[in-house]
Amino acid sequence: MTQNHKKIKNQLFHYILDSLPPKRRRKVDTHLEECESCRREKESIENLLNGVKSKTGYSLPDYAFESAKTEMKKEYRKTVESRDRETFIRPFIEKLSGNRSIRWIFQPAALMMLTVLVSLIISGVSLLTQSNGLTALNFPFSLFRAFGVS
Amino acid sequence: MTPVCKCSMKEKPICLDELEKIMTETKTSLAGFIYRMVKQPEITQDIFQETWLNVVRHLDSYDRNQPFKPWLFRIARNLSINHLNRQKRREKKEQNLGDIYPTHSLNPGELQADEERLMRCLDQIPSRFREVIRLRFFEEMSFEDISTVLNVPVGTVYSRSNRGLKHLRKRWEKVR
């Protein structure tokens with residue numbers, strides 16, 4: 001009994017902090033029901049811990065909390081919202097591709113489209129100049145003439 | 001605590017309203033947690049603010065399927081440890097110069113004799129065990145949440161808690 005008594009007392013901290021396996025916890029529960037000395041010991045430790053807990057807490061002053069909140073909001077706008085604004089086209093691409101992993105395809109695709117467009121314009125202009133007997137030198141003047149600038 | 005934010009897409013970070021709500025809800029426990037580590041009110045206020053700035057800066061790395069509180073406390077813990085390490089280095093430097101930096105205690109006047117003895121016992125046990133006991137008792141965290149805060153496996157948290165409590169009991173028996 002004394003051995004058991006000592007064993008239980010040794011486990012009281014574990015018991016109070018809910019760190020005992022269920023089987024051992026049940027054993028302590030049964031013992032506490034029977035033994036008043038251990039029960040009193042448990043209560044005294046519990047009261048002590050609760051006293052320490054309540055007295056070592058810290059209530060943040062309102063001004064500090066409000067200041068932290070304001071700074072947090074500023075930071076949120078700076079980082080999250082500005083990033084969202086910068087990448088406003090991203091949701092469109094995401095929707096189009098559906099898959100995050102193939103999104104990289106869209107950048108070279110856009111570049112290729114731009115290249116094709118530019119080459120089409122250049123070839124169109126060169127065709128026009130050739131058919132009208134124009135050269136690179138007199139082409140700008142013919143353009144001015146076309147718009148009525150003498 | 002997992003944020004339930006209906007206004008944002010799954011892969012988008014938590015919205016500002018939700019963050020403000022969590023900030024208000026965790027105000028006391030987070031401030032208490034930081035204070036118990038750094039033991040200085042002004043530093044607590046600074047670290048509290050810095051924690052929330054870091055939360056916003058690293059929102060992308062937060063996994064929305066995981067509870068928010070352990071992640072938040074992990075940031076606060078890292079900042080507090082950084083501060084304590086800096087302070088230790090500074091104290092060492094000042095000691096070398098012959099100036100001894102004042103040591104801080106946690107509301108020494110308010111605690112009763114027994115409570116202060118217990119607090120001292122808790123302060124004396126190795127920090128890796130003390131941390132687990134503090135999170136378990138003061139913040140009432142589960143072992144799983146503590147493992148997220150400390151970035152160690154749950155089994156390690158169990159064993160640290162066990163060993164920490166043994167240390168605490170032995171010290172307590174000596175002083176009472």
# chains A, B, ... in the order shown; residues from 1 in each chain; ligands from 1
>>> interface_residues(of="chain A", to="chain B", cutoff="7 Å", atoms="only C-alpha atoms", output="ChimeraX atom specification")
/A:13-14,17,48,51-53,55-60,64,68,72,75-76,79
>>> write_last_selection(atoms="C-alpha atoms", output="short mmCIF file (atom, residue, chain, number, x, y, z; two decimals), in the first residue's frame")
data_model
loop_
_atom_site.label_atom_id
_atom_site.label_comp_id
_atom_site.auth_asym_id
_atom_site.auth_seq_id
_atom_site.Cartn_x
_atom_site.Cartn_y
_atom_site.Cartn_z
CA PHE A 13 2.20 16.09 -11.78
CA HIS A 14 1.72 13.84 -14.80
CA LEU A 17 -1.05 17.84 -16.72
CA LEU A 48 -0.46 25.99 -6.85
CA GLY A 51 -2.13 30.24 -8.98
CA VAL A 52 1.07 30.37 -10.98
CA LYS A 53 -0.89 30.22 -14.21
CA LYS A 55 -0.45 35.28 -11.94
CA THR A 56 2.14 34.80 -14.62
CA GLY A 57 -0.17 35.67 -17.46
CA TYR A 58 0.15 38.96 -19.26
CA SER A 59 -2.65 41.12 -20.48
CA LEU A 60 -1.51 43.11 -23.44
CA ALA A 64 -0.18 47.87 -27.87
CA ALA A 68 -0.04 45.76 -33.61
CA MET A 72 -0.56 44.10 -39.35
CA GLU A 75 1.65 44.92 -43.86
CA TYR A 76 -1.26 42.91 -45.26
CA THR A 79 2.30 42.32 -49.21
#
>>> select_by_dssp(residues="chain B", states="alpha helix (DSSP H)", output="number ranges by chain")
B: 16-38, 41-57, 68-96, 113-124, 127-137, 143-150, 154-175
>>> atom_distance(atom1="atom CA of B:Tyr62", atom2="atom CA of B:Met141")
19.1 Å
